[in-house]
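Shown here: work.cif, mmCIF, N, CA and C atoms.
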data_model
#
loop_
_atom_site.label_atom_id
_atom_site.label_comp_id
_atom_site.auth_asym_id
_atom_site.auth_seq_id
_atom_site.Cartn_x
_atom_site.Cartn_y
_atom_site.Cartn_z
N MET A 1 28.90 61.90 62.39
CA MET A 1 28.97 60.75 61.53
C MET A 1 27.66 60.61 60.77
N TYR A 2 27.74 60.24 59.53
CA TYR A 2 26.56 60.06 58.70
C TYR A 2 26.12 58.61 58.72
N GLU A 3 24.81 58.41 58.73
CA GLU A 3 24.26 57.07 58.66
C GLU A 3 24.08 56.70 57.19
N VAL A 4 24.59 55.54 56.82
CA VAL A 4 24.46 55.07 55.44
C VAL A 4 23.18 54.25 55.34
N ILE A 5 22.33 54.64 54.41
CA ILE A 5 21.07 53.94 54.20
C ILE A 5 21.11 53.31 52.81
N ASP A 6 20.85 52.03 52.77
CA ASP A 6 20.81 51.33 51.48
C ASP A 6 19.47 51.55 50.81
N VAL A 7 19.49 52.36 49.77
CA VAL A 7 18.29 52.60 48.98
C VAL A 7 18.61 52.16 47.56
N PRO A 8 17.81 51.25 47.01
CA PRO A 8 18.11 50.83 45.64
C PRO A 8 17.95 52.00 44.68
N PRO A 9 18.76 52.02 43.64
CA PRO A 9 18.69 53.13 42.68
C PRO A 9 17.44 53.03 41.79
N SER A 10 16.95 54.19 41.41
CA SER A 10 15.90 54.24 40.40
C SER A 10 16.57 54.15 39.03
N ILE A 11 15.77 53.92 38.02
CA ILE A 11 16.29 53.76 36.66
C ILE A 11 15.60 54.79 35.77
N SER A 12 16.36 55.41 34.88
CA SER A 12 15.81 56.41 33.98
C SER A 12 16.18 56.10 32.54
N PHE A 13 15.19 56.19 31.64
CA PHE A 13 15.42 55.99 30.21
C PHE A 13 15.11 57.30 29.50
N SER A 14 16.10 57.82 28.81
CA SER A 14 15.96 59.12 28.16
C SER A 14 15.15 59.03 26.87
N GLY A 15 14.72 60.19 26.42
CA GLY A 15 14.10 60.27 25.11
C GLY A 15 15.18 59.99 24.08
N SER A 16 14.89 59.10 23.14
CA SER A 16 15.99 58.69 22.28
C SER A 16 15.55 58.22 20.90
N GLY A 17 14.29 58.37 20.56
CA GLY A 17 13.84 57.90 19.25
C GLY A 17 14.10 56.42 19.07
N PHE A 18 14.68 56.06 17.93
CA PHE A 18 14.93 54.66 17.65
C PHE A 18 16.10 54.10 18.47
N MET A 19 16.81 54.95 19.23
CA MET A 19 17.83 54.44 20.15
C MET A 19 17.18 53.69 21.31
N ALA A 20 15.87 53.76 21.39
CA ALA A 20 15.14 53.00 22.42
C ALA A 20 15.40 51.51 22.24
N THR A 21 15.72 51.08 21.02
CA THR A 21 16.05 49.65 20.82
C THR A 21 17.31 49.30 21.61
N TYR A 22 18.25 50.22 21.67
CA TYR A 22 19.46 50.02 22.49
C TYR A 22 19.05 49.94 23.96
N GLN A 23 18.20 50.86 24.40
CA GLN A 23 17.76 50.86 25.80
C GLN A 23 17.01 49.57 26.14
N LEU A 24 16.21 49.08 25.21
CA LEU A 24 15.53 47.80 25.43
C LEU A 24 16.55 46.66 25.59
N GLY A 25 17.64 46.73 24.82
CA GLY A 25 18.70 45.74 24.95
C GLY A 25 19.38 45.82 26.31
N VAL A 26 19.60 47.02 26.80
CA VAL A 26 20.18 47.20 28.13
C VAL A 26 19.24 46.63 29.18
N ALA A 27 17.95 46.94 29.07
CA ALA A 27 16.96 46.42 30.02
C ALA A 27 16.91 44.89 29.95
N GLN A 28 17.01 44.33 28.74
CA GLN A 28 17.00 42.88 28.57
C GLN A 28 18.24 42.26 29.24
N CYS A 29 19.38 42.90 29.09
CA CYS A 29 20.61 42.42 29.72
C CYS A 29 20.46 42.44 31.24
N LEU A 30 19.90 43.52 31.78
CA LEU A 30 19.67 43.58 33.22
C LEU A 30 18.69 42.49 33.65
N GLN A 31 17.65 42.30 32.86
CA GLN A 31 16.65 41.28 33.18
C GLN A 31 17.28 39.88 33.19
N ASN A 32 18.19 39.62 32.27
CA ASN A 32 18.84 38.32 32.17
C ASN A 32 19.92 38.09 33.23
N HIS A 33 20.69 39.15 33.53
CA HIS A 33 21.88 38.96 34.36
C HIS A 33 21.82 39.60 35.74
N ALA A 34 20.92 40.54 35.93
CA ALA A 34 20.80 41.22 37.24
C ALA A 34 19.36 41.65 37.45
N PRO A 35 18.42 40.71 37.43
CA PRO A 35 17.00 41.09 37.52
C PRO A 35 16.64 41.84 38.80
N TRP A 36 17.40 41.65 39.86
CA TRP A 36 17.11 42.34 41.11
C TRP A 36 17.23 43.86 40.96
N ILE A 37 18.05 44.32 40.03
CA ILE A 37 18.18 45.77 39.81
C ILE A 37 16.85 46.33 39.30
N LEU A 38 16.25 45.65 38.33
CA LEU A 38 14.98 46.12 37.78
C LEU A 38 13.84 45.97 38.79
N HIS A 39 13.83 44.88 39.53
CA HIS A 39 12.73 44.64 40.46
C HIS A 39 12.82 45.52 41.71
N ALA A 40 14.04 45.86 42.12
CA ALA A 40 14.21 46.65 43.34
C ALA A 40 14.09 48.15 43.11
N ALA A 41 14.21 48.59 41.87
CA ALA A 41 14.16 50.03 41.59
C ALA A 41 12.82 50.60 42.03
N PRO A 42 12.84 51.56 42.95
CA PRO A 42 11.57 52.11 43.42
C PRO A 42 10.82 52.89 42.33
N PHE A 43 11.58 53.52 41.44
CA PHE A 43 10.99 54.28 40.34
C PHE A 43 11.70 53.94 39.04
N VAL A 44 10.92 53.84 37.98
CA VAL A 44 11.48 53.68 36.64
C VAL A 44 10.92 54.84 35.84
N LEU A 45 11.81 55.70 35.40
CA LEU A 45 11.42 56.94 34.74
C LEU A 45 11.69 56.85 33.25
N GLY A 46 10.89 57.60 32.48
CA GLY A 46 11.11 57.64 31.04
C GLY A 46 10.62 58.94 30.45
N ALA A 47 11.27 59.35 29.39
CA ALA A 47 10.85 60.53 28.62
C ALA A 47 10.79 60.13 27.16
N SER A 48 9.76 60.57 26.48
CA SER A 48 9.58 60.30 25.06
C SER A 48 9.70 58.79 24.79
N ALA A 49 10.57 58.39 23.87
CA ALA A 49 10.69 56.97 23.55
C ALA A 49 11.17 56.16 24.75
N GLY A 50 11.90 56.79 25.64
CA GLY A 50 12.34 56.12 26.86
C GLY A 50 11.19 55.73 27.76
N SER A 51 10.05 56.41 27.62
CA SER A 51 8.89 56.06 28.45
C SER A 51 8.31 54.71 28.01
N LEU A 52 8.47 54.37 26.74
CA LEU A 52 8.04 53.05 26.26
C LEU A 52 8.90 51.97 26.91
N VAL A 53 10.19 52.20 26.98
CA VAL A 53 11.10 51.25 27.61
C VAL A 53 10.78 51.14 29.10
N ALA A 54 10.57 52.27 29.76
CA ALA A 54 10.24 52.26 31.18
C ALA A 54 8.95 51.48 31.43
N ALA A 55 7.95 51.70 30.59
CA ALA A 55 6.68 50.97 30.74
C ALA A 55 6.89 49.48 30.52
N ALA A 56 7.71 49.13 29.55
CA ALA A 56 7.98 47.72 29.28
C ALA A 56 8.62 47.05 30.49
N VAL A 57 9.53 47.76 31.15
CA VAL A 57 10.19 47.21 32.34
C VAL A 57 9.20 47.07 33.49
N VAL A 58 8.47 48.13 33.79
CA VAL A 58 7.57 48.13 34.94
C VAL A 58 6.40 47.17 34.76
N CYS A 59 5.90 47.08 33.55
CA CYS A 59 4.69 46.28 33.29
C CYS A 59 5.02 44.86 32.82
N ASP A 60 6.27 44.46 32.96
CA ASP A 60 6.68 43.10 32.61
C ASP A 60 6.30 42.71 31.18
N MET A 61 6.45 43.66 30.25
CA MET A 61 6.23 43.36 28.84
C MET A 61 7.43 42.57 28.33
N SER A 62 7.25 41.84 27.27
CA SER A 62 8.36 41.12 26.65
C SER A 62 9.27 42.14 25.97
N LEU A 63 10.44 42.35 26.53
CA LEU A 63 11.37 43.34 25.98
C LEU A 63 11.81 42.94 24.58
N THR A 64 11.97 41.66 24.36
CA THR A 64 12.38 41.17 23.04
C THR A 64 11.30 41.46 22.00
N GLN A 65 10.05 41.21 22.34
CA GLN A 65 8.96 41.47 21.38
C GLN A 65 8.83 42.96 21.07
N VAL A 66 8.95 43.80 22.09
CA VAL A 66 8.86 45.25 21.86
C VAL A 66 10.03 45.70 20.99
N ARG A 67 11.23 45.21 21.28
CA ARG A 67 12.40 45.55 20.47
C ARG A 67 12.21 45.13 19.02
N ASP A 68 11.72 43.89 18.83
CA ASP A 68 11.51 43.38 17.48
C ASP A 68 10.47 44.22 16.73
N GLU A 69 9.43 44.65 17.42
CA GLU A 69 8.41 45.52 16.79
C GLU A 69 9.02 46.85 16.38
N MET A 70 9.88 47.41 17.24
CA MET A 70 10.52 48.69 16.92
C MET A 70 11.46 48.54 15.73
N LEU A 71 12.23 47.46 15.69
CA LEU A 71 13.15 47.24 14.57
C LEU A 71 12.38 47.05 13.26
N TYR A 72 11.29 46.32 13.33
CA TYR A 72 10.47 46.10 12.14
C TYR A 72 9.92 47.44 11.63
N PHE A 73 9.42 48.26 12.55
CA PHE A 73 8.88 49.57 12.18
C PHE A 73 9.99 50.45 11.59
N ALA A 74 11.16 50.45 12.21
CA ALA A 74 12.28 51.26 11.71
C ALA A 74 12.69 50.82 10.30
N LYS A 75 12.72 49.52 10.07
CA LYS A 75 13.07 49.02 8.73
C LYS A 75 12.03 49.45 7.70
N GLN A 76 10.76 49.43 8.09
CA GLN A 76 9.70 49.87 7.18
C GLN A 76 9.86 51.35 6.82
N MET A 77 10.38 52.14 7.73
CA MET A 77 10.50 53.58 7.52
C MET A 77 11.51 53.92 6.43
N LYS A 78 12.43 53.02 6.16
CA LYS A 78 13.43 53.26 5.11
C LYS A 78 12.79 53.44 3.74
N ALA A 79 11.61 52.86 3.56
CA ALA A 79 10.93 52.93 2.26
C ALA A 79 10.28 54.29 2.01
N PHE A 80 10.19 55.12 3.04
CA PHE A 80 9.49 56.41 2.92
C PHE A 80 10.47 57.57 2.90
N THR A 81 10.21 58.51 2.04
CA THR A 81 10.97 59.75 2.06
C THR A 81 10.73 60.40 3.41
N PHE A 82 11.77 60.85 4.07
CA PHE A 82 11.72 61.45 5.42
C PHE A 82 11.42 60.44 6.52
N GLY A 83 11.42 59.15 6.19
CA GLY A 83 11.22 58.10 7.20
C GLY A 83 9.98 58.33 8.04
N PRO A 84 10.12 58.25 9.38
CA PRO A 84 8.94 58.38 10.24
C PRO A 84 8.35 59.80 10.24
N LEU A 85 9.06 60.77 9.65
CA LEU A 85 8.53 62.14 9.56
C LEU A 85 7.67 62.34 8.32
N ASN A 86 7.57 61.31 7.50
CA ASN A 86 6.72 61.37 6.31
C ASN A 86 5.27 61.62 6.75
N PRO A 87 4.57 62.53 6.09
CA PRO A 87 3.19 62.84 6.50
C PRO A 87 2.23 61.65 6.46
N SER A 88 2.56 60.62 5.69
CA SER A 88 1.66 59.46 5.61
C SER A 88 1.89 58.45 6.74
N ILE A 89 2.90 58.70 7.56
CA ILE A 89 3.22 57.79 8.67
C ILE A 89 2.60 58.31 9.95
N ASN A 90 1.92 57.42 10.66
CA ASN A 90 1.33 57.79 11.94
C ASN A 90 2.02 56.99 13.05
N VAL A 91 3.08 57.56 13.60
CA VAL A 91 3.85 56.90 14.65
C VAL A 91 2.98 56.63 15.88
N PHE A 92 2.07 57.56 16.17
CA PHE A 92 1.21 57.44 17.35
C PHE A 92 0.28 56.24 17.23
N HIS A 93 -0.25 56.03 16.04
CA HIS A 93 -1.13 54.88 15.80
C HIS A 93 -0.34 53.58 15.99
N TRP A 94 0.88 53.55 15.46
CA TRP A 94 1.73 52.37 15.61
C TRP A 94 2.02 52.11 17.09
N LEU A 95 2.38 53.18 17.83
CA LEU A 95 2.70 53.03 19.24
C LEU A 95 1.49 52.54 20.04
N GLU A 96 0.33 53.10 19.76
CA GLU A 96 -0.88 52.64 20.44
C GLU A 96 -1.11 51.15 20.20
N GLY A 97 -0.92 50.71 18.97
CA GLY A 97 -1.10 49.30 18.63
C GLY A 97 -0.15 48.40 19.41
N ILE A 98 1.11 48.81 19.52
CA ILE A 98 2.10 48.04 20.27
C ILE A 98 1.70 47.95 21.74
N LEU A 99 1.30 49.08 22.31
CA LEU A 99 0.92 49.09 23.72
C LEU A 99 -0.32 48.24 23.97
N ARG A 100 -1.31 48.35 23.10
CA ARG A 100 -2.52 47.54 23.27
C ARG A 100 -2.20 46.04 23.16
N LYS A 101 -1.27 45.71 22.30
CA LYS A 101 -0.93 44.31 22.07
C LYS A 101 -0.14 43.71 23.23
N TYR A 102 0.80 44.46 23.81
CA TYR A 102 1.72 43.88 24.78
C TYR A 102 1.53 44.29 26.24
N LEU A 103 0.85 45.40 26.49
CA LEU A 103 0.62 45.77 27.90
C LEU A 103 -0.37 44.80 28.53
N PRO A 104 -0.09 44.33 29.73
CA PRO A 104 -1.06 43.45 30.40
C PRO A 104 -2.29 44.26 30.85
N SER A 105 -3.38 43.57 31.09
CA SER A 105 -4.61 44.26 31.48
C SER A 105 -4.47 45.01 32.80
N ASN A 106 -3.56 44.58 33.66
CA ASN A 106 -3.36 45.27 34.94
C ASN A 106 -2.18 46.24 34.90
N ALA A 107 -1.84 46.73 33.72
CA ALA A 107 -0.70 47.64 33.55
C ALA A 107 -0.78 48.83 34.49
N HIS A 108 -1.98 49.37 34.65
CA HIS A 108 -2.13 50.55 35.51
C HIS A 108 -1.77 50.22 36.96
N GLN A 109 -2.07 49.03 37.41
CA GLN A 109 -1.74 48.64 38.78
C GLN A 109 -0.23 48.45 38.94
N LEU A 110 0.40 47.86 37.93
CA LEU A 110 1.85 47.68 37.97
C LEU A 110 2.58 49.02 37.89
N ALA A 111 2.01 49.95 37.12
CA ALA A 111 2.67 51.23 36.87
C ALA A 111 2.43 52.28 37.95
N ASN A 112 1.32 52.19 38.64
CA ASN A 112 0.93 53.22 39.61
C ASN A 112 2.02 53.50 40.64
N GLY A 113 2.50 54.75 40.66
CA GLY A 113 3.48 55.16 41.65
C GLY A 113 4.90 54.69 41.38
N ARG A 114 5.10 53.80 40.43
CA ARG A 114 6.44 53.29 40.13
C ARG A 114 6.94 53.77 38.77
N LEU A 115 6.04 53.85 37.79
CA LEU A 115 6.40 54.34 36.47
C LEU A 115 6.18 55.85 36.46
N LEU A 116 7.22 56.58 36.15
CA LEU A 116 7.13 58.04 36.06
C LEU A 116 7.44 58.44 34.63
N VAL A 117 6.54 59.18 34.02
CA VAL A 117 6.69 59.59 32.63
C VAL A 117 6.83 61.11 32.59
N ALA A 118 7.95 61.57 32.04
CA ALA A 118 8.21 63.01 31.92
C ALA A 118 7.56 63.51 30.63
N MET A 119 6.83 64.61 30.77
CA MET A 119 6.13 65.21 29.62
C MET A 119 6.26 66.72 29.69
N THR A 120 6.07 67.36 28.56
CA THR A 120 5.97 68.81 28.51
C THR A 120 4.54 69.16 28.16
N ARG A 121 3.90 69.94 29.01
CA ARG A 121 2.51 70.33 28.74
C ARG A 121 2.48 71.31 27.57
N MET A 122 1.58 71.03 26.63
CA MET A 122 1.47 71.88 25.45
C MET A 122 0.89 73.25 25.81
N THR A 123 0.04 73.29 26.81
CA THR A 123 -0.65 74.54 27.15
C THR A 123 0.29 75.62 27.67
N ASP A 124 1.28 75.24 28.50
CA ASP A 124 2.15 76.26 29.08
C ASP A 124 3.65 75.95 28.97
N GLY A 125 4.00 74.83 28.32
CA GLY A 125 5.41 74.49 28.13
C GLY A 125 6.12 74.01 29.39
N LYS A 126 5.38 73.75 30.44
CA LYS A 126 5.97 73.31 31.72
C LYS A 126 6.16 71.80 31.73
N ASN A 127 7.17 71.37 32.48
CA ASN A 127 7.39 69.94 32.67
C ASN A 127 6.32 69.36 33.58
N ALA A 128 5.93 68.13 33.30
CA ALA A 128 4.98 67.41 34.16
C ALA A 128 5.46 65.97 34.26
N ILE A 129 5.24 65.39 35.41
CA ILE A 129 5.59 63.98 35.63
C ILE A 129 4.29 63.25 35.94
N MET A 130 3.99 62.25 35.14
CA MET A 130 2.79 61.43 35.36
C MET A 130 3.21 60.15 36.07
N SER A 131 2.51 59.82 37.15
CA SER A 131 2.85 58.60 37.87
C SER A 131 1.61 57.86 38.39
N GLU A 132 0.44 58.42 38.14
CA GLU A 132 -0.80 57.79 38.60
C GLU A 132 -1.64 57.42 37.39
N PHE A 133 -2.10 56.18 37.37
CA PHE A 133 -2.85 55.65 36.23
C PHE A 133 -4.08 54.92 36.76
N GLN A 134 -5.24 55.21 36.17
CA GLN A 134 -6.50 54.61 36.61
C GLN A 134 -6.86 53.35 35.83
N SER A 135 -6.28 53.20 34.63
CA SER A 135 -6.62 52.07 33.77
C SER A 135 -5.47 51.82 32.79
N LYS A 136 -5.55 50.68 32.13
CA LYS A 136 -4.58 50.38 31.08
C LYS A 136 -4.62 51.47 30.02
N GLU A 137 -5.80 51.95 29.72
CA GLU A 137 -5.96 53.02 28.73
C GLU A 137 -5.19 54.28 29.14
N ASP A 138 -5.19 54.60 30.44
CA ASP A 138 -4.41 55.75 30.93
C ASP A 138 -2.93 55.58 30.61
N VAL A 139 -2.41 54.39 30.83
CA VAL A 139 -0.99 54.12 30.56
C VAL A 139 -0.72 54.32 29.08
N ILE A 140 -1.60 53.80 28.24
CA ILE A 140 -1.43 53.93 26.79
C ILE A 140 -1.45 55.40 26.37
N GLN A 141 -2.43 56.15 26.85
CA GLN A 141 -2.57 57.54 26.43
C GLN A 141 -1.42 58.41 26.91
N VAL A 142 -0.90 58.15 28.11
CA VAL A 142 0.24 58.92 28.60
C VAL A 142 1.45 58.66 27.71
N LYS A 143 1.66 57.43 27.30
CA LYS A 143 2.79 57.11 26.41
C LYS A 143 2.64 57.83 25.07
N VAL A 144 1.44 57.79 24.52
CA VAL A 144 1.21 58.42 23.22
C VAL A 144 1.36 59.95 23.37
N MET A 145 0.82 60.51 24.44
CA MET A 145 0.90 61.96 24.65
C MET A 145 2.32 62.44 24.84
N CYS A 146 3.18 61.62 25.47
CA CYS A 146 4.54 62.12 25.74
C CYS A 146 5.37 62.15 24.46
N LEU A 147 4.89 61.55 23.39
CA LEU A 147 5.60 61.61 22.11
C LEU A 147 5.12 62.76 21.23
N ILE A 148 4.01 63.36 21.62
CA ILE A 148 3.47 64.47 20.80
C ILE A 148 4.30 65.72 21.02
#
Rewrite the structure of this file - the entire thing - as structure tokens.
Amino acid sequence: MYEVIDVPPSISFSGSGFMATYQLGVAQCLQNHAPWILHAAPFVLGASAGSLVAAAVVCDMSLTQVRDEMLYFAKQMKAFTFGPLNPSINVFHWLEGILRKYLPSNAHQLANGRLLVAMTRMTDGKNAIMSEFQSKEDVIQVKVMCLI
């Protein structure tokens, strides 16, 4: 006979570009209607744009404000040929600004061991998972690096 162990599920947000606004909406719905799911999840994982959503969940950022910032940025991109791929657009600078504005000062403490960010190392093309953060700046740089 097998013993059934109740382990809360972890949550994963995929890389999705501007679809992260949808993921933020899903996280907001969970926060409004089933907050225990977000709070009980032992790990919240993210890749690429999904790592921003994962950080927002783990670090108790305002999901609505982050979503609104993303929508505003996406609307601005319509004015540029090639949108966010236009050479004059610096998505990384925008992302850093959002993280600096909304991440709490103790983000690294909230994220340590619970926020897992999937990245591909440029040096050897291998997958890496970041889950340890020494400062708020570490959290910001990991988010920016996972989009490069």
Excluding region 119-132 of chain A and residues on its chain fewer than 4 positions from it, collect all residues at most 7 Å away from it, counting all atoms listed in the file, and give them as a list in words. Gly46, Ala47, Ser48, Ala111, Asn112, Gly113, Arg114, Leu115, Met145 and Cys146 of chain A
Nearest residue to Gly15 (chain A) out of A:Asn90, A:Thr64, A:Ser51, A:Asn32, using all atoms listed in the file? A:Ser51
Neighbourhood query: residues within 9 Å of (15.3, 53.6, 37.3), file coordinates, counting only C-alpha atoms; return as a JSON list (two decimals) with N, CA and C atoms, in the frame of the given file.
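Here's the written file out-v9.json:
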[["chain", "number", "residue", "atom", "x", "y", "z"],
["A", 9, "PRO", "N", 18.76, 52.02, 43.64],
["A", 9, "PRO", "CA", 18.69, 53.13, 42.68],
["A", 9, "PRO", "C", 17.44, 53.03, 41.79],
["A", 10, "SER", "N", 16.95, 54.19, 41.41],
["A", 10, "SER", "CA", 15.90, 54.24, 40.40],
["A", 10, "SER", "C", 16.57, 54.15, 39.03],
["A", 11, "ILE", "N", 15.77, 53.92, 38.02],
["A", 11, "ILE", "CA", 16.29, 53.76, 36.66],
["A", 11, "ILE", "C", 15.60, 54.79, 35.77],
["A", 12, "SER", "N", 16.36, 55.41, 34.88],
["A", 12, "SER", "CA", 15.81, 56.41, 33.98],
["A", 12, "SER", "C", 16.18, 56.10, 32.54],
["A", 13, "PHE", "N", 15.19, 56.19, 31.64],
["A", 13, "PHE", "CA", 15.42, 55.99, 30.21],
["A", 13, "PHE", "C", 15.11, 57.30, 29.50],
["A", 37, "ILE", "N", 18.05, 44.32, 40.03],
["A", 37, "ILE", "CA", 18.18, 45.77, 39.81],
["A", 37, "ILE", "C", 16.85, 46.33, 39.30],
["A", 38, "LEU", "N", 16.25, 45.65, 38.33],
["A", 38, "LEU", "CA", 14.98, 46.12, 37.78],
["A", 38, "LEU", "C", 13.84, 45.97, 38.79],
["A", 41, "ALA", "N", 14.21, 48.59, 41.87],
["A", 41, "ALA", "CA", 14.16, 50.03, 41.59],
["A", 41, "ALA", "C", 12.82, 50.60, 42.03],
["A", 42, "PRO", "N", 12.84, 51.56, 42.95],
["A", 42, "PRO", "CA", 11.57, 52.11, 43.42],
["A", 42, "PRO", "C", 10.82, 52.89, 42.33],
["A", 43, "PHE", "N", 11.58, 53.52, 41.44],
["A", 43, "PHE", "CA", 10.99, 54.28, 40.34],
["A", 43, "PHE", "C", 11.70, 53.94, 39.04],
["A", 44, "VAL", "N", 10.92, 53.84, 37.98],
["A", 44, "VAL", "CA", 11.48, 53.68, 36.64],
["A", 44, "VAL", "C", 10.92, 54.84, 35.84],
["A", 45, "LEU", "N", 11.81, 55.70, 35.40],
["A", 45, "LEU", "CA", 11.42, 56.94, 34.74],
["A", 45, "LEU", "C", 11.69, 56.85, 33.25],
["A", 46, "GLY", "N", 10.89, 57.60, 32.48],
["A", 46, "GLY", "CA", 11.11, 57.64, 31.04],
["A", 46, "GLY", "C", 10.62, 58.94, 30.45],
["A", 54, "ALA", "N", 10.57, 52.27, 29.76],
["A", 54, "ALA", "CA", 10.24, 52.26, 31.18],
["A", 54, "ALA", "C", 8.95, 51.48, 31.43],
["A", 115, "LEU", "N", 6.04, 53.85, 37.79],
["A", 115, "LEU", "CA", 6.40, 54.34, 36.47],
["A", 115, "LEU", "C", 6.18, 55.85, 36.46]]
Within region 41-100 of chain A, find each residue whose DSSP state, derived from the backbone, is helix (DSSP H, G or I), and express the selection as a PyMOL selection string. chain A and resi 49-58+63-77+83-85+91-100
Which residues, protein or nucleic acid, reach to within 8 Å of (-0.1, 53.2, 28.0) in the file's coordinates when using all atoms listed in the file, and can you give that as a ChimeraX atom specification? /A:55,96,99-100,103,107-108,135-144
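Using all atoms listed in the file, the nearest neighbour of Ala20 (chain A) within the list A:Arg67, A:Leu110, A:Pro87, A:Tyr2 is A:Arg67.
Going from CA of Leu71 (chain A) over to CA of Tyr22 (chain A), you cover 10.5 Å.
Residue nearest Cys59 (chain A), chosen from A:Phe133, A:Gln109, A:Ser88, A:Lys101 and counting only N, CA and C atoms: A:Gln109.
For the pair atom C of Ala56 (chain A) and CA of Gln28 (chain A), the interatomic distance is 9.6 Å.
From atom N of Ser16 (chain A) back to atom N of Glu69 (chain A), the distance works out to 16.5 Å.
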May I have all residues of chain A that DSSP, computed from the backbone, assigns to strand (DSSP E or B), given as number ranges by chain? A: 11-13, 44-47, 115-120, 127-130
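Distances here use all atoms listed in the file; by that measure, the residue among A:Asp6, A:Gly50, A:Gly97, A:Val57 closest to Ala27 (chain A) is A:Val57.
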